[in-house]
>>> print(open('run.txt').read())   # compact mmCIF, C-alpha atoms
# COMPACT_ATOMS: atom_id res chain seq x y z
CA ILE A 1 12.89 -3.20 1.41
CA VAL A 2 10.51 -0.39 2.34
CA GLN A 3 7.33 -1.89 3.78
CA PHE A 4 4.05 0.01 3.63
CA HIS A 5 1.67 -1.58 6.18
CA GLY A 6 -2.09 -1.96 5.92
CA ASN A 7 -4.94 -0.07 7.56
CA ALA A 8 -5.75 -0.40 11.27
CA GLN A 9 -2.21 -1.62 11.86
CA ASN A 10 1.16 -0.20 12.76
CA ILE A 11 4.81 -1.15 12.68
CA SER A 12 4.49 -3.41 15.73
CA SER A 13 1.72 -5.49 14.15
CA HIS A 14 3.84 -6.12 11.05
CA PHE A 15 6.89 -7.55 12.77
CA GLY A 16 5.67 -11.07 12.01
CA TYR A 17 5.41 -10.31 8.29
CA SER A 18 8.91 -8.98 7.87
CA TYR A 19 11.32 -10.20 10.55
CA TRP A 20 12.26 -13.25 8.48
CA LEU A 21 13.63 -10.97 5.76
CA THR A 22 16.26 -9.54 8.08
CA ARG A 23 17.28 -13.09 9.03
CA ARG A 24 18.01 -13.64 5.34
CA GLY A 25 20.18 -10.54 5.07
CA TYR A 26 17.72 -7.94 3.83
CA GLN A 27 17.41 -4.52 5.38
CA VAL A 28 13.75 -3.72 6.06
CA PHE A 29 12.39 -0.26 6.81
CA VAL A 30 8.90 -0.20 8.30
CA PHE A 31 7.22 3.06 9.18
CA ASP A 32 3.92 4.35 10.50
CA TYR A 33 1.86 6.84 8.57
CA ARG A 34 0.70 9.98 10.34
CA GLY A 35 -1.99 9.11 12.85
CA TYR A 36 -0.97 5.42 12.99
CA GLY A 37 0.84 3.78 15.90
CA GLY A 38 2.91 6.39 17.71
CA SER A 39 2.95 8.89 14.83
CA ALA A 40 1.33 12.26 15.42
CA GLY A 41 -1.26 13.84 13.19
CA ALA A 42 -4.42 12.66 11.51
CA PRO A 43 -4.41 10.30 8.53
CA THR A 44 -5.57 11.60 5.17
CA GLU A 45 -5.09 10.07 1.73
CA GLY A 46 -2.74 12.84 0.67
CA GLY A 47 -0.87 12.77 3.97
CA LEU A 48 -0.28 9.03 3.72
CA VAL A 49 1.11 9.45 0.19
CA GLN A 50 3.42 12.22 1.44
CA ASP A 51 4.55 9.93 4.26
CA GLY A 52 5.28 7.19 1.73
CA ILE A 53 7.36 9.52 -0.43
CA ALA A 54 9.23 10.72 2.66
CA ALA A 55 9.94 7.12 3.75
CA ILE A 56 11.38 6.20 0.34
CA GLU A 57 13.50 9.35 0.23
CA TYR A 58 14.71 8.80 3.79
CA VAL A 59 15.83 5.25 3.03
CA ARG A 60 17.56 6.41 -0.16
CA ARG A 61 19.66 8.91 1.82
CA ARG A 62 20.82 6.45 4.46
CA PRO A 63 24.55 5.74 4.18
CA ASP A 64 24.00 2.03 4.87
CA VAL A 65 21.58 1.61 1.94
CA ASP A 66 22.37 1.21 -1.74
CA PRO A 67 19.82 3.64 -3.29
CA ARG A 68 19.98 1.68 -6.55
CA ARG A 69 18.55 -1.47 -4.96
CA LEU A 70 15.22 -0.61 -3.35
CA VAL A 71 12.19 -2.87 -3.16
CA ILE A 72 8.81 -1.41 -2.23
CA TRP A 73 6.39 -3.78 -0.50
CA GLY A 74 2.83 -2.61 0.13
CA GLN A 75 0.18 -4.59 1.92
CA SER A 76 -3.53 -3.79 1.43
CA LEU A 77 -3.91 -0.03 2.10
CA GLY A 78 -0.11 0.15 2.14
CA GLY A 79 -0.05 -1.06 -1.45
CA ALA A 80 -2.48 1.67 -2.45
CA VAL A 81 -0.35 4.27 -0.69
CA ALA A 82 2.83 2.84 -2.23
CA VAL A 83 1.41 3.00 -5.77
CA ALA A 84 0.53 6.70 -5.44
CA ALA A 85 3.82 7.49 -3.66
CA LEU A 86 5.91 5.74 -6.32
CA ALA A 87 4.01 7.41 -9.14
CA SER A 88 4.62 10.78 -7.47
CA LEU A 89 8.37 10.41 -6.93
CA LYS A 90 10.45 13.05 -8.70
CA ASP A 91 13.18 10.47 -9.27
CA PRO A 92 12.04 6.83 -9.42
CA SER A 93 15.53 5.51 -10.16
CA GLY A 94 16.78 2.73 -7.96
CA ILE A 95 13.41 1.08 -7.46
CA ARG A 96 14.21 -2.50 -8.44
CA ALA A 97 10.86 -4.17 -7.67
CA VAL A 98 7.37 -3.46 -6.36
CA ILE A 99 5.30 -6.00 -4.41
CA LEU A 100 1.59 -5.29 -3.97
CA GLU A 101 -0.05 -7.71 -1.56
CA SER A 102 -3.84 -7.72 -1.16
CA THR A 103 -4.01 -4.24 -2.65
CA PHE A 104 -7.16 -2.82 -4.19
CA ASP A 105 -7.85 -0.83 -7.35
CA SER A 106 -10.19 1.77 -5.85
CA TYR A 107 -10.94 3.04 -2.34
CA ARG A 108 -14.64 3.42 -3.20
CA ARG A 109 -14.97 -0.01 -4.77
CA ALA A 110 -13.18 -1.66 -1.85
CA ALA A 111 -15.55 0.09 0.60
CA ARG A 112 -18.56 -0.91 -1.50
CA ASP A 113 -17.42 -4.55 -1.45
CA VAL A 114 -17.28 -4.49 2.36
CA LEU A 115 -20.83 -3.12 2.54
CA ALA A 116 -22.07 -5.69 0.02
CA ARG A 117 -21.00 -8.63 2.22
CA HIS A 118 -23.71 -8.29 4.85
CA VAL A 119 -27.45 -8.29 4.43
CA LEU A 120 -27.85 -5.31 6.78
CA THR A 121 -25.31 -3.11 4.96
CA TRP A 122 -25.97 -4.35 1.42
CA PRO A 123 -28.49 -1.54 0.68
CA LEU A 124 -25.80 1.04 1.62
CA GLN A 125 -23.39 0.20 -1.19
CA TRP A 126 -23.90 3.67 -2.66
CA VAL A 127 -22.54 5.44 0.44
CA PRO A 128 -18.82 5.22 -0.55
CA TRP A 129 -19.58 7.37 -3.60
CA LEU A 130 -20.54 10.16 -1.18
CA GLY A 131 -18.08 9.69 1.68
CA VAL A 132 -14.97 7.95 0.32
CA SER A 133 -12.44 9.80 -1.78
CA ASP A 134 -10.84 8.16 -4.80
CA ARG A 135 -8.41 11.03 -5.35
CA TYR A 136 -5.45 8.64 -4.99
CA ARG A 137 -7.17 5.66 -6.62
CA PRO A 138 -4.44 3.07 -7.22
CA LEU A 139 -5.79 2.22 -10.66
CA ASP A 140 -5.14 5.81 -11.78
CA TYR A 141 -1.50 5.68 -10.61
CA ALA A 142 -0.55 2.11 -11.54
CA GLY A 143 0.45 3.05 -15.08
CA ARG A 144 3.03 5.48 -13.69
CA LEU A 145 4.96 3.00 -11.57
CA PRO A 146 8.73 2.88 -12.10
CA ARG A 147 9.92 0.56 -14.85
CA CYS A 148 10.71 -2.55 -12.83
CA PRO A 149 9.16 -5.91 -12.04
CA VAL A 150 5.80 -5.60 -10.25
CA LEU A 151 4.41 -8.57 -8.34
CA VAL A 152 0.69 -8.45 -7.53
CA ILE A 153 -0.30 -11.02 -4.89
CA HIS A 154 -3.86 -11.64 -3.75
CA GLY A 155 -5.65 -14.60 -2.19
CA ASP A 156 -9.19 -15.68 -2.88
CA ALA A 157 -9.85 -16.15 0.85
CA ASP A 158 -8.98 -12.53 1.76
CA GLU A 159 -11.76 -11.43 4.11
CA THR A 160 -10.88 -7.73 3.97
CA VAL A 161 -10.11 -6.93 0.32
CA SER A 162 -11.93 -8.91 -2.34
CA ILE A 163 -9.72 -10.65 -4.87
CA ARG A 164 -11.85 -8.83 -7.45
CA ARG A 165 -10.17 -5.59 -6.35
CA GLY A 166 -6.71 -7.17 -6.69
CA LYS A 167 -7.56 -8.41 -10.17
CA GLY A 168 -8.79 -4.92 -11.04
CA LEU A 169 -5.44 -3.46 -10.01
CA PHE A 170 -3.49 -6.16 -11.85
>>> encode(input="run.txt", output="structure tokens")
Amino acid sequence: IVQFHGNAQNISSHFGYSYWLTRRGYQVFVFDYRGYGGSAGAPTEGGLVQDGIAAIEYVRRRPDVDPRRLVIWGQSLGGAVAVAALASLKDPSGIRAVILESTFDSYRRAARDVLARHVLTWPLQWVPWLGVSDRYRPLDYAGRLPRCPVLVIHGDADETVSIRRGKGLF
């Protein structure tokens, strides 16, 4: 399982989400994107996608991994990164399943939803159309996912990403 973590987090904050998988016999690879945790560099949409591709390719080449049995698990921003990374793989073979948890359909729409929640920021809902890139918009890449089961999970009590965004991606 290759886990793509969410925004404002790093591999140490996701231990609680994934340690139980190793107890059940799964191998789990968790990585930090550039500029997250202890990784050098500055995060950019394109850089995160490149990091995702590199993580998948790294896991595939490991001698202790069966490259025909990979599961990609993305949480929130990690799901958005995973969708673009998977759609950009030169060889998507071996991807057996994709799990997208609390992932959104559009960076701009997700940012707009956050601004719309508060009376003070509600009038600023137009700002994401000026300052947030949708170059790697998950909705644009979702149709190019590898042919495998895709599980989209989203809760209606998610305080960060509106379930509306998850439904849009689904």
>>> closest_atom_pairs(input="run.txt", of="segment 50-103 of chain A", to="segment 14-33 of chain A", cutoff="9 Å", atoms="all atoms listed in the file", output="CSV")
residue,atom,partner,partner_atom,distance
A:Asp51,CA,A:Tyr33,CA,5.9
A:Gly52,CA,A:Tyr33,CA,7.7
A:Ala55,CA,A:Phe31,CA,7.3
A:Val59,CA,A:Phe29,CA,7.5
A:Val65,CA,A:Gln27,CA,8.2
>>> closest_residue(input="run.txt", among="A:Ser102, A:Arg61, A:Val132, A:Tyr107", to="Asp156 of chain A", atoms="only C-alpha atoms")
A:Ser102
>>> residues_around(input="run.txt", residues="Leu70 of chain A", least_positions_apart="2", cutoff="12 Å", atoms="all atoms listed in the file", output="PDB file with C-alpha atoms, in the frame of the given file")
ATOM      1  CA  ILE A   1      12.890  -3.200   1.410  1.00  0.00           C
ATOM      2  CA  VAL A   2      10.510  -0.390   2.340  1.00  0.00           C
ATOM      3  CA  GLN A   3       7.330  -1.890   3.780  1.00  0.00           C
ATOM      4  CA  TYR A  26      17.720  -7.940   3.830  1.00  0.00           C
ATOM      5  CA  GLN A  27      17.410  -4.520   5.380  1.00  0.00           C
ATOM      6  CA  VAL A  28      13.750  -3.720   6.060  1.00  0.00           C
ATOM      7  CA  PHE A  29      12.390  -0.260   6.810  1.00  0.00           C
ATOM      8  CA  ALA A  55       9.940   7.120   3.750  1.00  0.00           C
ATOM      9  CA  ILE A  56      11.380   6.200   0.340  1.00  0.00           C
ATOM     10  CA  GLU A  57      13.500   9.350   0.230  1.00  0.00           C
ATOM     11  CA  TYR A  58      14.710   8.800   3.790  1.00  0.00           C
ATOM     12  CA  VAL A  59      15.830   5.250   3.030  1.00  0.00           C
ATOM     13  CA  ARG A  60      17.560   6.410  -0.160  1.00  0.00           C
ATOM     14  CA  ARG A  61      19.660   8.910   1.820  1.00  0.00           C
ATOM     15  CA  ARG A  62      20.820   6.450   4.460  1.00  0.00           C
ATOM     16  CA  VAL A  65      21.580   1.610   1.940  1.00  0.00           C
ATOM     17  CA  ASP A  66      22.370   1.210  -1.740  1.00  0.00           C
ATOM     18  CA  PRO A  67      19.820   3.640  -3.290  1.00  0.00           C
ATOM     19  CA  ARG A  68      19.980   1.680  -6.550  1.00  0.00           C
ATOM     20  CA  ILE A  72       8.810  -1.410  -2.230  1.00  0.00           C
ATOM     21  CA  TRP A  73       6.390  -3.780  -0.500  1.00  0.00           C
ATOM     22  CA  LEU A  86       5.910   5.740  -6.320  1.00  0.00           C
ATOM     23  CA  PRO A  92      12.040   6.830  -9.420  1.00  0.00           C
ATOM     24  CA  SER A  93      15.530   5.510 -10.160  1.00  0.00           C
ATOM     25  CA  GLY A  94      16.780   2.730  -7.960  1.00  0.00           C
ATOM     26  CA  ILE A  95      13.410   1.080  -7.460  1.00  0.00           C
ATOM     27  CA  ARG A  96      14.210  -2.500  -8.440  1.00  0.00           C
ATOM     28  CA  ALA A  97      10.860  -4.170  -7.670  1.00  0.00           C
ATOM     29  CA  VAL A  98       7.370  -3.460  -6.360  1.00  0.00           C
ATOM     30  CA  ILE A  99       5.300  -6.000  -4.410  1.00  0.00           C
ATOM     31  CA  PRO A 146       8.730   2.880 -12.100  1.00  0.00           C
ATOM     32  CA  CYS A 148      10.710  -2.550 -12.830  1.00  0.00           C
ATOM     33  CA  PRO A 149       9.160  -5.910 -12.040  1.00  0.00           C
TER      34      PRO A 149
END
>>> closest_residue(input="run.txt", among="A:Glu101, A:Asp134, A:Asp140, A:Asp113", to="Gly155 of chain A", atoms="all atoms listed in the file")
A:Glu101
>>> atom_distance(input="run.txt", atom1="atom CA of Gly37 of chain A", atom2="atom CA of Val83 of chain A")
21.7 Å
>>> closest_residue(input="run.txt", among="A:Pro123, A:Leu139, A:Pro43, A:Val49", to="Gly78 of chain A", atoms="all atoms listed in the file")
A:Val49
>>> closest_residue(input="run.txt", among="A:Asp91, A:Thr160, A:Val81, A:Leu151", to="Glu45 of chain A", atoms="all atoms listed in the file")
A:Val81
>>> build_atoms(input="run.txt", residues="segment 80-91 of chain A", atoms="N, CA, C and O atoms", output="mmCIF file, in the coordinates of the input")
data_model
loop_
_atom_site.group_PDB
_atom_site.id
_atom_site.type_symbol
_atom_site.label_atom_id
_atom_site.label_comp_id
_atom_site.auth_asym_id
_atom_site.auth_seq_id
_atom_site.Cartn_x
_atom_site.Cartn_y
_atom_site.Cartn_z
ATOM 1 N N ALA A 80 -1.837 0.523 -1.808
ATOM 2 C CA ALA A 80 -2.480 1.670 -2.450
ATOM 3 C C ALA A 80 -1.658 2.943 -2.232
ATOM 4 O O ALA A 80 -1.442 3.732 -3.152
ATOM 5 N N VAL A 81 -1.185 3.115 -1.014
ATOM 6 C CA VAL A 81 -0.350 4.270 -0.690
ATOM 7 C C VAL A 81 0.966 4.195 -1.469
ATOM 8 O O VAL A 81 1.432 5.193 -2.034
ATOM 9 N N ALA A 82 1.554 3.008 -1.523
ATOM 10 C CA ALA A 82 2.830 2.840 -2.230
ATOM 11 C C ALA A 82 2.697 3.154 -3.713
ATOM 12 O O ALA A 82 3.576 3.800 -4.291
ATOM 13 N N VAL A 83 1.608 2.731 -4.337
ATOM 14 C CA VAL A 83 1.410 3.000 -5.770
ATOM 15 C C VAL A 83 1.390 4.499 -6.023
ATOM 16 O O VAL A 83 2.077 5.002 -6.921
ATOM 17 N N ALA A 84 0.608 5.240 -5.250
ATOM 18 C CA ALA A 84 0.530 6.700 -5.440
ATOM 19 C C ALA A 84 1.852 7.370 -5.099
ATOM 20 O O ALA A 84 2.274 8.307 -5.787
ATOM 21 N N ALA A 85 2.524 6.902 -4.044
ATOM 22 C CA ALA A 85 3.820 7.490 -3.660
ATOM 23 C C ALA A 85 4.852 7.260 -4.757
ATOM 24 O O ALA A 85 5.575 8.183 -5.144
ATOM 25 N N LEU A 86 4.936 6.053 -5.265
ATOM 26 C CA LEU A 86 5.910 5.740 -6.320
ATOM 27 C C LEU A 86 5.635 6.537 -7.587
ATOM 28 O O LEU A 86 6.557 7.045 -8.227
ATOM 29 N N ALA A 87 4.375 6.657 -7.939
ATOM 30 C CA ALA A 87 4.010 7.410 -9.140
ATOM 31 C C ALA A 87 4.288 8.900 -8.979
ATOM 32 O O ALA A 87 4.418 9.615 -9.971
ATOM 33 N N SER A 88 4.394 9.363 -7.748
ATOM 34 C CA SER A 88 4.620 10.780 -7.470
ATOM 35 C C SER A 88 6.075 11.129 -7.205
ATOM 36 O O SER A 88 6.397 12.308 -7.017
ATOM 37 N N LEU A 89 6.956 10.140 -7.172
ATOM 38 C CA LEU A 89 8.370 10.410 -6.930
ATOM 39 C C LEU A 89 8.950 11.275 -8.053
ATOM 40 O O LEU A 89 8.675 11.029 -9.226
ATOM 41 N N LYS A 90 9.765 12.244 -7.678
ATOM 42 C CA LYS A 90 10.450 13.050 -8.700
ATOM 43 C C LYS A 90 11.493 12.223 -9.422
ATOM 44 O O LYS A 90 11.715 12.390 -10.616
ATOM 45 N N ASP A 91 12.137 11.318 -8.691
ATOM 46 C CA ASP A 91 13.180 10.470 -9.270
ATOM 47 C C ASP A 91 12.910 9.027 -8.871
ATOM 48 O O ASP A 91 13.219 8.629 -7.747
#
